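Everything below concerns the one structure shown next.
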Amino acid sequence: MGGEWQLASIKEVAERVAMGPFGSSIKVETFVSEGVPVISGQHLHGFKLDETPGFNFITPEHAERLRNANVQRGDVIFTHAGNIGQVAYIPRTSAYERYVISQRQFYLRPDPRKVLPEFLVAYFRSPEGQHKLLANTSQVGVPSIAQPVTYLRSLEIPLPPIPEQRAIAHILGTLDDKI
């Protein structure tokens, strides 16, 4: 991916990297008919958040108690347990401004002056990105990425200038939309 590009660690280009809530924080009995949508693995099949399966919701008050698991447009969501290796971003055109990620996910909030969410998704969906992302996994029991937040922050990625990131993301995103 571009030999002349500089390398940067995720810690250098992210405003935040955080985990989803503790497993028992979101249960079926906490779901309500409307409120803050909960992102699960079924929403992470393409480059962008897939909203077609619909959502379960929790109350805004419950979402506030899970503040560290609240995500917004521009955030990149990863799955760290179960169907590991999934990655998608929340586009500016998403149906909601605020979501809560499930307990099997973690997220990265990119610094938009340094890296575009679309580029991060393109990178982490590439063979090189998937290899790096999944290099710290355990296949014992439920497949999972060990210490996902700490591990992701430590990863280095090739980092082209923003105009090149935009071009790469546009081409790959357009292909993904067609598929």
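To be explicit about the labels: the chains of the structure tokens are called A, B, and onward in the order shown, and within each one the residues are counted from 1, while ligands get numbers from 1 in the order they are shown.
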
- Would you return as a ChimeraX atom specification the members of stretch 2-171 of chain A that DSSP assigns to helix (DSSP H, G or I) on this structure's backbone? /A:10-13,23-25,28-30,41-43,60-65,67-69,117-125,127-134,148-154,162-171

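The neighbours of A:Gly129 here are the residues that come within 12 Å of it, using only C-alpha atoms and leaving out any residue fewer than 6 positions away in the same chain; they are A:Met1, A:Gly85, A:Gln86, A:Val87, A:Phe119, A:Leu120, A:Val121, A:Ala122, A:Tyr123, A:Ala135, A:Leu152, A:Leu155, A:Glu156, A:Ile157, A:Pro158.
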
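Atom to atom, atom CA of A:Asp111 and atom CA of A:Ala14 stand 5.2 Å apart.
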
- Message: List the spatial neighbours of A:Ala63 as JSON, numbers by chain - criterion: any atom at most 12 Å away, only C-alpha atoms, same-chain residues fewer than 4 positions off excluded.
- Response: {"A": [20, 21, 25, 26, 30, 31, 32, 35, 36, 37, 38, 57, 58, 59, 67, 68, 69, 70, 71, 98, 99, 100, 101, 102]}

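Of the listed residues A:Thr137, A:Gln130, A:Gln6, A:Gln105, the one whose atoms come nearest to A:Ser40 is A:Gln105, with distances taken using only C-alpha atoms.
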
- Item | Residues within 9 Å of A:Ser94, only C-alpha atoms, excluding chain neighbours under 2 positions, as a ChimeraX atom specification | /A:49,51,73,90-92,96-97
